[in-house]
Amino acid sequence: MKILVIDDEKPTLSMFRLFLTAYGYEVYTAEDGEKGLALFDEIRPGIVFTDIRMPGLDGLEVLRRIRKTGIPSEVIVITGHGDMEKAVEALDRDASDFINKPVERHALSSALARAEKRRQMPRDLPFELSETKKDRNLIVSLKGKLSGSARPSFSLLMKSLNLENGTEVVLIFNDGFSIDKSGITLLMEVIQTLKQKNISIVMENLSYNYLRIFQMAGMDKFATLKEALTDD
Amino acid sequence: MTGPYGPPHILDAVRRPRLFSLLDQHFHRQNFFITGQAAQGKSTLVASYLQDSQKKALWFHLCPDDNEDVKLFDRLLAGITSFFGTGLEDIGRFIPSATLGTEKDLLRYSEGISLMLKDLSSPLIMVLDDAENLEETSSGFELINGILNTRFYQHKFFILSRSTLPFNIPRLKTEHHGFFLKNEDLFFTLDETKAFFHEKYRVEDSDIERIHRITDGWAGGLTLVSESLRHSGGLSNLPEKVSSEAFDYFSREIYKTLPESIREFLRVTSIPDIIDLDMANHIAESVDGLAILATLEKRNLFIQRMDFDDQGPKFKYHNLFRDFLLHDLVKTRGLNQVKALYHKAGQFSWEKKNPEDAMNYFIKAEAFSDIIRILKVKGADYMIKGKMSGLEKWISCLPDLLVVDDPWLVFFLTMTRRIRGGKKNIRDFQRALTLFEENRDIRGILLAVGYLIEAAVFIREPSSVILKWILRAEAYLEAMPEKDRFIWARGLLWQQIGLGYIAGDGNIPKGVSACRNAILLGTRINNDDLVLHASITMAFGHVQAGDFANARQMLVKIRSMTREGQHPEFRALKNIVDIDFALKSGLLDDAGRLLIKSEQDIEKFGLIFLYPSFVEAGALFRVYSGRFDEALQMADHLNDFSILEGNDFYKGIAHRIKALLFLKQKKIAAAVHEIQKALDALDQLRKGDIHHFLTQQLAGIIYFETKDFIKAEGFLSPSRDYFESISSDLNCAENYLISGLISWEQNDTRQALLFLHRGLSIASREGYMFFPLISGKIPVRVIVIWMTAQGHFPEESYLHNLSLKCDPSLVMEEMDRVLSLVRPKERDRVIENLRPLYKLLLPAIRIETLGRFNILCGQKALDSRIFEGVRPLLLLKSIVLHGSRDIPKEILMDDLWPQADLAAGEKNFKINLHRLRKALEPEAKKEFGYSYIVQKAGLVSLDPILVTLDVDEFLSFSVQAAEKEKNNDFDTALDLYDKAAELYKGDYFNEEPYLEWISRKRDLLRAKYIEVLEKKARLHEELDQIQKAVETWKRILDADPYSESAYQNLMILYADSGQKNKAREVFEECILVFRNELGAEPDKETFNIFDKIKSR
């Protein structure tokens, strides 16, 4: 599969090129956003990594323009360490995933695995909630892109539930799940509300990077976060 | 040239002078692109041109298989080897598969073939026929593209193709090096069409004009019309247009006139790509194939003949004709019977020991069991030889169901995407391993687990995972009952274990040991590839361990295995080792150049394992070059690499680099912080000793800077013992010097001097002028402390040279520091001890006396005004005149003030000596006094080291020259005479013509100069260097126009060389000068010589 890496730091490009080639990908690199977009048009890669902070066209603009082409590439944004604001902004613009610098092996593998899975799935799935009861526990499956507009679905769910004290709610995040800023706010509200009702929450099958962003958002204070199993 | 690489056999081909002439005109170019539609006569043109011009060529008929770089490379290699005979068999050895990088075969093959072609001793003409079979996106196409883009100067390449191929050659280069014949150029002209038909039939010109019109000069059309004429004898049936599209119809018309037995033979023989007569007779049965094929060839009917020396002729149908025949074969026999024919051809090839052809036929026959049978017999052999593309093609033809449960097929298939398969390979090698284990196939187990380790290393699995597989592999090896079996597989597994330990687990000593086992086994079975790969992995282990001495030794061995080092891994490793050497020697420019080369190879060939060593070297290069910000970025990048790899080894190295970087910047607190992290990360057992002790040593130096001497020595002492044990001289020297300074600071002078002496002795023995860890003030302190205590060093020149490398201001500062601390009663002794060092800091003075008087301080001439009058300068001249050493002041006073009484003379002398000294040394240090002019007990001297004189050198050269001449070392003697003569730019103190006390010496020196020239001239004469002798005698006349011996010798030299007139001119000039200027006659001898010349 073709991968395009856009970053203005030459050593970072070299490192990505060596690692991703060893992983078995066909790797292309570009030193800035302009060159990256030109190369994107030419090779139509399956996955794109783009640094978020670059002179000239920054990563968010690169992301916007790639999305505008309609080519269904998975775009993974590389953010500075702890740069949650930017990561969330990228998710708002429909980035597939993000990874922090310095890039950890596990984060890279996880982002690649998720991107490859997402490529097998239909794109732009509407957000969907489905729940099943198991004993006293409730299993809620989340699919598609979660944003603020999903509030009615959650309200409906909350109303229909007759949750008792001590019940456990397990939120399972589908491989194709994605989220934006308003979705994070909504999810936070939901788990806070559940917590206030003394209901324990488990969030399962989170990608490594979503796990990180949910931790940064403070969700780990109200819920147990579990990472998706990967080959690693 | 005959055989599979010979040009097609040309029979009765019409010669085409028009095109031959074009080719001749452009034959200085390298690439020839002959492009034309099917049956346009491209091959015939080039073959007949080469035949006519008696040029031998290597001819390749490209086929779809050649789209794979490895297959094409193998074919080209085999062809070139057969073309140039024996001696080139090992040429492919320098293109082995990857050891330390991702497989970028194309780059390796491309580089390999270019090097091979450049190495060929004689010119080569290579024809690539049927090039339209190459797809522009294929690696085979890229390989050819690479060849055509390289300038070879003596080789020629002909590319014959139906369509214009999009080779990526820059336009200017194409225009300069390439020549094109296009479709329209190849059309037969009317005259050529006439020549074509007149040779065979009696055809009216008007008919030929008609043929030419309806065929447009298309060679295929002309052949079809000719064949039609042969059958019908007339042109009445000709259609309005005969183009390549009409081929099918037209062929059928001719084809149906042939007897059925021949038609059947033609149909059946369209099965093989090349028709071997044995094969043809085998599948066509009881037909005289040779007779049929020879007849077709004679009629030039879409067939090419290739002669083989030892196997008889072979034939190849033209592609259009073959397609036509194949189509008819399927139509008449049906698909199943065609498959049976392919099967028959496959069996025939297999029996003839040609497995690759057999496989290709079996694939077309869909004979899966035969394919599997051959794969199992030949698969491992192909794997060992790295011919993976064939394996991939054959296995991919098999139905999945036949592959998934067969361990060898799973294994071979996974091997075909070795390394580039990424994570998928882990799963598939594991699957093969499980199947091998179920079958108890030991060889398979060893290979599968070995490549599993490799795959895990390449995709950077965590150390724990890699170690798990290593331990399992070691258990298999341990449990093997028969130690003499599967030696290759065991060797290969040891090599992969070595790679796993070194690059995956970070346990370098164990990795090096495993590689050693692999090398032993490889040597036992003479498997060069195994030995090479294990050696490269081992050298890599040494580099990782920082053990560059052993890495260098290993590289020397590898060099001989890789055809003088033409191997990417070898080059990259060697560059890194050389960078280390350059950095330790302070050769920063060299290091910078090597870093660029190293980066190119690592990036080009994806040598991921060498990348961190390259980054480390790059960071150190920047530290030593004072580019600290960049060095910090590189260290951070190494840290990033470590994080991405999930391995803390490079993290430790990154911390150590940062510690050094901060130490150099005097940010000691930050250096302490970083070195502590490095010490934590680089433990001794797993990473090998060197990194551990290097870190300890640096820690010792950093703590020395914090003045925590006890802690510093705590780190330095064990590392010193370690570096002594491995004879790491540079590290030892640095360690001893720092320990010496520590003892000095602790007032243990005896121990300090012992350490310093040891450190300086090692450094002097090895000639170290650069200390990577202790640059700046530390060497200065070492020198000053040593000189303070001892006043000299046994290897004086070493300390002298080392001092000259130091910043003079730092040395001066350090001397001031020492002098400020010294006790008064020791002061004089210390000053005397330091005096030689102080003098080294002063610029040298050179006094030029021959010709223009000059005083040069360093490179700068001193302005005479600084001497405050002429007397100080005259005093200096007097000192020089009297030999510069130990001159009683009275002599000088007598020269300058001969009329003055003693007291006045003394006073004048003192005043002028002071002025002179101050002018020469305006900033003399109080403690050391004036250095250039010394006065002791009334004797005055110029310092012999600080002050040099041209006149001393002049005399010295002339004495040396005479000595050399005496010893018959004439070349050196002449060189020294030249040097002496060069120094004599004019008379001694030319500017003082009226000072009597100078004139005598001036005359003596001029006489010496003439003597030097005369000796030089006579020596030239003896050596028969007449021109030089003449020039030298003339130079003597310039200096002394009355030198009669010069006139005499010039006359003789001219006369002896047949220039009597010139001899006469010299004689007449001599008479003129003597009579006019001296009022005398030349010597009788001069007349005698002239008389003898006249009488000749």
# chains A, B, ... in the order shown; residues from 1 in each chain; ligands from 1
call {"tool": "interface_residues", "arguments": {"of": "chain A", "to": "chain B", "cutoff": "9 Å", "atoms": "only C-alpha atoms", "output": "ChimeraX atom specification"}}
result
/A:11-12,14-15,17-25,101-108,231-232
call {"tool": "residues_around", "arguments": {"residues": "Asn205 in chain A", "least_positions_apart": "4", "cutoff": "7 Å", "atoms": "only C-alpha atoms", "output": "compact mmCIF listing (two decimals) with N, CA and C atoms, in the first residue's frame"}}
result
# COMPACT_ATOMS: atom_id res chain seq x y z
N ILE A 172 -18.77 0.12 23.66
CA ILE A 172 -17.83 -0.54 22.73
C ILE A 172 -17.71 0.31 21.46
N PHE A 173 -16.48 0.72 21.20
CA PHE A 173 -16.24 1.61 20.05
C PHE A 173 -15.85 0.78 18.84
N LYS A 226 -10.25 1.01 27.95
CA LYS A 226 -9.52 -0.20 27.51
C LYS A 226 -9.16 -0.10 26.03
N GLU A 227 -7.90 -0.38 25.77
CA GLU A 227 -7.41 -0.26 24.39
C GLU A 227 -7.81 -1.48 23.57
N ALA A 228 -8.00 -1.27 22.28
CA ALA A 228 -8.30 -2.39 21.38
C ALA A 228 -7.09 -3.29 21.28
call {"tool": "residues_around", "arguments": {"residues": "range 827-840 of chain B", "least_positions_apart": "6", "cutoff": "6 Å", "atoms": "only C-alpha atoms", "output": "PyMOL selection string"}}
result
chain B and resi 787-788+791
call {"tool": "write_last_selection", "arguments": {"atoms": "C-alpha atoms", "output": "compact mmCIF listing (two decimals), in the first residue's frame"}}
result
# COMPACT_ATOMS: atom_id res chain seq x y z
CA MET B 787 56.16 22.00 31.74
CA THR B 788 55.82 23.73 35.09
CA GLY B 791 60.46 21.83 31.96
call {"tool": "select_by_dssp", "arguments": {"residues": "range 905-964 of chain B", "states": "strand (DSSP E)", "output": "number ranges by chain"}}
result
B: 933-936, 939-942, 947-949
call {"tool": "write_last_selection", "arguments": {"atoms": "C-alpha atoms", "output": "compact mmCIF listing (two decimals), in the first residue's frame"}}
result
# COMPACT_ATOMS: atom_id res chain seq x y z
CA ILE B 933 67.58 39.00 21.13
CA VAL B 934 69.35 37.61 24.16
CA GLN B 935 72.28 39.16 25.95
CA LYS B 936 74.27 37.02 28.35
CA LEU B 939 77.48 38.23 24.41
CA VAL B 940 74.57 39.00 22.10
CA SER B 941 72.58 36.36 20.19
CA LEU B 942 69.47 36.02 18.10
CA VAL B 947 64.71 34.01 14.43
CA THR B 948 65.75 32.59 11.09
CA LEU B 949 67.92 34.12 8.37
call {"tool": "closest_residue", "arguments": {"among": "A:Ser182, A:Asn137, A:Ser207, A:Thr167", "to": "Ser149 in chain A", "atoms": "only C-alpha atoms"}}
result
A:Ser182
call {"tool": "residues_around", "arguments": {"residues": "Met203 in chain A", "least_positions_apart": "3", "cutoff": "12 Å", "atoms": "only C-alpha atoms", "output": "number ranges by chain"}}
result
A: 138-142, 168-174, 187-188, 191, 200, 206-207, 210-211, 214-215, 219-220, 222-228
call {"tool": "residues_around", "arguments": {"residues": "Ile275 in chain B", "least_positions_apart": "3", "cutoff": "8 Å", "atoms": "only C-alpha atoms", "output": "list in words"}}
result
Thr269, Pro272, Met279, Ala280, Lys314, Phe315 and Lys316 of chain B
call {"tool": "select_by_dssp", "arguments": {"residues": "range 53-230 of chain A", "states": "alpha helix (DSSP H)", "output": "PyMOL selection string"}}
result
chain A and resi 59-69+84-92+105-119+151-160+181-196+208-216
call {"tool": "residues_around", "arguments": {"residues": "Phe581 in chain B", "least_positions_apart": "3", "cutoff": "10 Å", "atoms": "only C-alpha atoms", "output": "compact mmCIF listing (two decimals) with C-alpha atoms, in the first residue's frame"}}
result
# COMPACT_ATOMS: atom_id res chain seq x y z
CA PHE B 548 35.44 0.22 15.80
CA ALA B 549 38.78 -1.56 15.93
CA ARG B 552 37.52 -2.31 10.93
CA ASN B 575 31.70 4.79 6.00
CA ILE B 576 30.50 4.74 9.59
CA VAL B 577 33.77 3.20 10.78
CA ASP B 578 35.72 5.77 8.76
CA LYS B 584 38.66 10.87 16.58
CA SER B 585 41.46 12.29 14.47
CA GLY B 586 39.86 15.72 14.24
CA LEU B 587 39.51 15.38 10.45
CA ASP B 590 36.56 14.16 5.96
CA ALA B 591 33.90 13.20 8.46
call {"tool": "residues_around", "arguments": {"residues": "Leu63 in chain A", "least_positions_apart": "3", "cutoff": "8 Å", "atoms": "only C-alpha atoms", "output": "count of residues only"}}
result
8
call {"tool": "atom_distance", "arguments": {"atom1": "CA of Gln751 in chain B", "atom2": "CA of Leu737 in chain B"}}
result
11.3 Å
call {"tool": "closest_residue", "arguments": {"among": "A:Ile179, A:Leu37, A:Ile99, A:Leu4", "to": "Tyr208 in chain A", "atoms": "only C-alpha atoms"}}
result
A:Ile99
call {"tool": "decode", "arguments": {"residues": "range 132-173 of chain A", "atoms": "N, CA and C atoms", "output": "PDB file, in the first residue's frame"}}
result
ATOM      1  N   THR A 132     -27.539  -3.552  24.056  1.00  0.00           N
ATOM      2  CA  THR A 132     -28.072  -4.872  24.427  1.00  0.00           C
ATOM      3  C   THR A 132     -27.860  -5.027  25.927  1.00  0.00           C
ATOM      4  N   LYS A 133     -28.765  -5.733  26.543  1.00  0.00           N
ATOM      5  CA  LYS A 133     -28.657  -5.931  27.993  1.00  0.00           C
ATOM      6  C   LYS A 133     -28.077  -7.304  28.261  1.00  0.00           C
ATOM      7  N   LYS A 134     -27.195  -7.353  29.205  1.00  0.00           N
ATOM      8  CA  LYS A 134     -26.640  -8.645  29.577  1.00  0.00           C
ATOM      9  C   LYS A 134     -26.631  -8.669  31.102  1.00  0.00           C
ATOM     10  N   ASP A 135     -27.424  -9.537  31.651  1.00  0.00           N
ATOM     11  CA  ASP A 135     -27.654  -9.554  33.104  1.00  0.00           C
ATOM     12  C   ASP A 135     -28.071  -8.149  33.545  1.00  0.00           C
ATOM     13  N   ARG A 136     -27.311  -7.615  34.511  1.00  0.00           N
ATOM     14  CA  ARG A 136     -27.674  -6.258  34.969  1.00  0.00           C
ATOM     15  C   ARG A 136     -26.922  -5.202  34.155  1.00  0.00           C
ATOM     16  N   ASN A 137     -26.051  -5.653  33.271  1.00  0.00           N
ATOM     17  CA  ASN A 137     -25.192  -4.708  32.552  1.00  0.00           C
ATOM     18  C   ASN A 137     -25.756  -4.334  31.185  1.00  0.00           C
ATOM     19  N   LEU A 138     -25.273  -3.197  30.740  1.00  0.00           N
ATOM     20  CA  LEU A 138     -25.748  -2.706  29.445  1.00  0.00           C
ATOM     21  C   LEU A 138     -24.546  -2.572  28.489  1.00  0.00           C
ATOM     22  N   ILE A 139     -24.663  -3.181  27.344  1.00  0.00           N
ATOM     23  CA  ILE A 139     -23.597  -3.073  26.338  1.00  0.00           C
ATOM     24  C   ILE A 139     -24.074  -2.104  25.267  1.00  0.00           C
ATOM     25  N   VAL A 140     -23.333  -1.012  25.081  1.00  0.00           N
ATOM     26  CA  VAL A 140     -23.716  -0.009  24.074  1.00  0.00           C
ATOM     27  C   VAL A 140     -22.639   0.012  22.990  1.00  0.00           C
ATOM     28  N   SER A 141     -23.068  -0.192  21.766  1.00  0.00           N
ATOM     29  CA  SER A 141     -22.115  -0.188  20.658  1.00  0.00           C
ATOM     30  C   SER A 141     -22.192   1.146  19.924  1.00  0.00           C
ATOM     31  N   LEU A 142     -21.006   1.745  19.649  1.00  0.00           N
ATOM     32  CA  LEU A 142     -20.980   3.055  18.972  1.00  0.00           C
ATOM     33  C   LEU A 142     -20.324   2.886  17.607  1.00  0.00           C
ATOM     34  N   LYS A 143     -21.045   3.310  16.582  1.00  0.00           N
ATOM     35  CA  LYS A 143     -20.521   3.203  15.212  1.00  0.00           C
ATOM     36  C   LYS A 143     -20.579   4.561  14.522  1.00  0.00           C
ATOM     37  N   GLY A 144     -19.754   4.756  13.502  1.00  0.00           N
ATOM     38  CA  GLY A 144     -19.802   5.978  12.697  1.00  0.00           C
ATOM     39  C   GLY A 144     -19.166   7.151  13.422  1.00  0.00           C
ATOM     40  N   LYS A 145     -19.462   8.348  12.949  1.00  0.00           N
ATOM     41  CA  LYS A 145     -18.797   9.536  13.509  1.00  0.00           C
ATOM     42  C   LYS A 145     -19.667  10.183  14.573  1.00  0.00           C
ATOM     43  N   LEU A 146     -19.103  10.274  15.778  1.00  0.00           N
ATOM     44  CA  LEU A 146     -19.853  10.882  16.887  1.00  0.00           C
ATOM     45  C   LEU A 146     -19.570  12.380  16.924  1.00  0.00           C
ATOM     46  N   SER A 147     -20.687  13.156  16.834  1.00  0.00           N
ATOM     47  CA  SER A 147     -20.530  14.605  16.976  1.00  0.00           C
ATOM     48  C   SER A 147     -21.689  15.101  17.836  1.00  0.00           C
ATOM     49  N   GLY A 148     -21.724  16.406  18.032  1.00  0.00           N
ATOM     50  CA  GLY A 148     -22.764  16.988  18.884  1.00  0.00           C
ATOM     51  C   GLY A 148     -24.167  16.654  18.403  1.00  0.00           C
ATOM     52  N   SER A 149     -24.301  16.435  17.125  1.00  0.00           N
ATOM     53  CA  SER A 149     -25.633  16.169  16.571  1.00  0.00           C
ATOM     54  C   SER A 149     -26.211  14.833  17.046  1.00  0.00           C
ATOM     55  N   ALA A 150     -25.396  14.045  17.724  1.00  0.00           N
ATOM     56  CA  ALA A 150     -25.893  12.742  18.199  1.00  0.00           C
ATOM     57  C   ALA A 150     -26.562  12.857  19.566  1.00  0.00           C
ATOM     58  N   ARG A 151     -26.639  14.105  20.083  1.00  0.00           N
ATOM     59  CA  ARG A 151     -27.224  14.308  21.418  1.00  0.00           C
ATOM     60  C   ARG A 151     -28.594  13.632  21.554  1.00  0.00           C
ATOM     61  N   PRO A 152     -29.539  13.801  20.584  1.00  0.00           N
ATOM     62  CA  PRO A 152     -30.865  13.173  20.738  1.00  0.00           C
ATOM     63  C   PRO A 152     -30.762  11.655  20.915  1.00  0.00           C
ATOM     64  N   SER A 153     -29.839  11.026  20.192  1.00  0.00           N
ATOM     65  CA  SER A 153     -29.717   9.556  20.310  1.00  0.00           C
ATOM     66  C   SER A 153     -29.364   9.182  21.748  1.00  0.00           C
ATOM     67  N   PHE A 154     -28.409   9.955  22.315  1.00  0.00           N
ATOM     68  CA  PHE A 154     -27.997   9.654  23.692  1.00  0.00           C
ATOM     69  C   PHE A 154     -29.138   9.946  24.674  1.00  0.00           C
ATOM     70  N   SER A 155     -29.859  11.074  24.436  1.00  0.00           N
ATOM     71  CA  SER A 155     -30.958  11.435  25.334  1.00  0.00           C
ATOM     72  C   SER A 155     -31.983  10.313  25.355  1.00  0.00           C
ATOM     73  N   LEU A 156     -32.279   9.840  24.157  1.00  0.00           N
ATOM     74  CA  LEU A 156     -33.258   8.758  24.022  1.00  0.00           C
ATOM     75  C   LEU A 156     -32.789   7.523  24.779  1.00  0.00           C
ATOM     76  N   LEU A 157     -31.511   7.259  24.611  1.00  0.00           N
ATOM     77  CA  LEU A 157     -30.946   6.077  25.272  1.00  0.00           C
ATOM     78  C   LEU A 157     -31.058   6.225  26.787  1.00  0.00           C
ATOM     79  N   MET A 158     -30.662   7.412  27.268  1.00  0.00           N
ATOM     80  CA  MET A 158     -30.646   7.640  28.713  1.00  0.00           C
ATOM     81  C   MET A 158     -32.063   7.521  29.286  1.00  0.00           C
ATOM     82  N   LYS A 159     -33.029   8.066  28.518  1.00  0.00           N
ATOM     83  CA  LYS A 159     -34.414   8.041  29.005  1.00  0.00           C
ATOM     84  C   LYS A 159     -34.945   6.616  29.051  1.00  0.00           C
ATOM     85  N   SER A 160     -34.617   5.872  28.039  1.00  0.00           N
ATOM     86  CA  SER A 160     -35.187   4.519  27.942  1.00  0.00           C
ATOM     87  C   SER A 160     -34.555   3.570  28.950  1.00  0.00           C
ATOM     88  N   LEU A 161     -33.437   3.991  29.497  1.00  0.00           N
ATOM     89  CA  LEU A 161     -32.744   3.080  30.400  1.00  0.00           C
ATOM     90  C   LEU A 161     -33.303   3.190  31.807  1.00  0.00           C
ATOM     91  N   ASN A 162     -33.403   2.081  32.402  1.00  0.00           N
ATOM     92  CA  ASN A 162     -33.790   2.089  33.794  1.00  0.00           C
ATOM     93  C   ASN A 162     -32.611   1.513  34.554  1.00  0.00           C
ATOM     94  N   LEU A 163     -31.640   2.388  34.756  1.00  0.00           N
ATOM     95  CA  LEU A 163     -30.396   1.879  35.308  1.00  0.00           C
ATOM     96  C   LEU A 163     -30.416   1.911  36.829  1.00  0.00           C
ATOM     97  N   GLU A 164     -29.996   0.830  37.361  1.00  0.00           N
ATOM     98  CA  GLU A 164     -29.978   0.752  38.817  1.00  0.00           C
ATOM     99  C   GLU A 164     -28.569   1.067  39.308  1.00  0.00           C
ATOM    100  N   ASN A 165     -28.546   1.361  40.576  1.00  0.00           N
ATOM    101  CA  ASN A 165     -27.256   1.574  41.208  1.00  0.00           C
ATOM    102  C   ASN A 165     -26.392   0.309  41.066  1.00  0.00           C
ATOM    103  N   GLY A 166     -25.127   0.495  40.687  1.00  0.00           N
ATOM    104  CA  GLY A 166     -24.241  -0.678  40.586  1.00  0.00           C
ATOM    105  C   GLY A 166     -24.236  -1.326  39.217  1.00  0.00           C
ATOM    106  N   THR A 167     -25.062  -0.833  38.317  1.00  0.00           N
ATOM    107  CA  THR A 167     -25.061  -1.367  36.953  1.00  0.00           C
ATOM    108  C   THR A 167     -23.772  -0.938  36.246  1.00  0.00           C
ATOM    109  N   GLU A 168     -23.308  -1.772  35.338  1.00  0.00           N
ATOM    110  CA  GLU A 168     -22.122  -1.391  34.556  1.00  0.00           C
ATOM    111  C   GLU A 168     -22.544  -1.150  33.103  1.00  0.00           C
ATOM    112  N   VAL A 169     -22.083  -0.024  32.572  1.00  0.00           N
ATOM    113  CA  VAL A 169     -22.347   0.260  31.155  1.00  0.00           C
ATOM    114  C   VAL A 169     -21.022   0.084  30.389  1.00  0.00           C
ATOM    115  N   VAL A 170     -21.097  -0.752  29.393  1.00  0.00           N
ATOM    116  CA  VAL A 170     -19.885  -0.976  28.584  1.00  0.00           C
ATOM    117  C   VAL A 170     -20.089  -0.308  27.220  1.00  0.00           C
ATOM    118  N   LEU A 171     -19.267   0.700  26.955  1.00  0.00           N
ATOM    119  CA  LEU A 171     -19.339   1.367  25.642  1.00  0.00           C
ATOM    120  C   LEU A 171     -18.300   0.714  24.726  1.00  0.00           C
ATOM    121  N   ILE A 172     -18.772   0.115  23.660  1.00  0.00           N
ATOM    122  CA  ILE A 172     -17.828  -0.536  22.731  1.00  0.00           C
ATOM    123  C   ILE A 172     -17.709   0.312  21.464  1.00  0.00           C
ATOM    124  N   PHE A 173     -16.481   0.720  21.195  1.00  0.00           N
ATOM    125  CA  PHE A 173     -16.243   1.610  20.054  1.00  0.00           C
ATOM    126  C   PHE A 173     -15.846   0.777  18.838  1.00  0.00           C
TER     127      PHE A 173
END
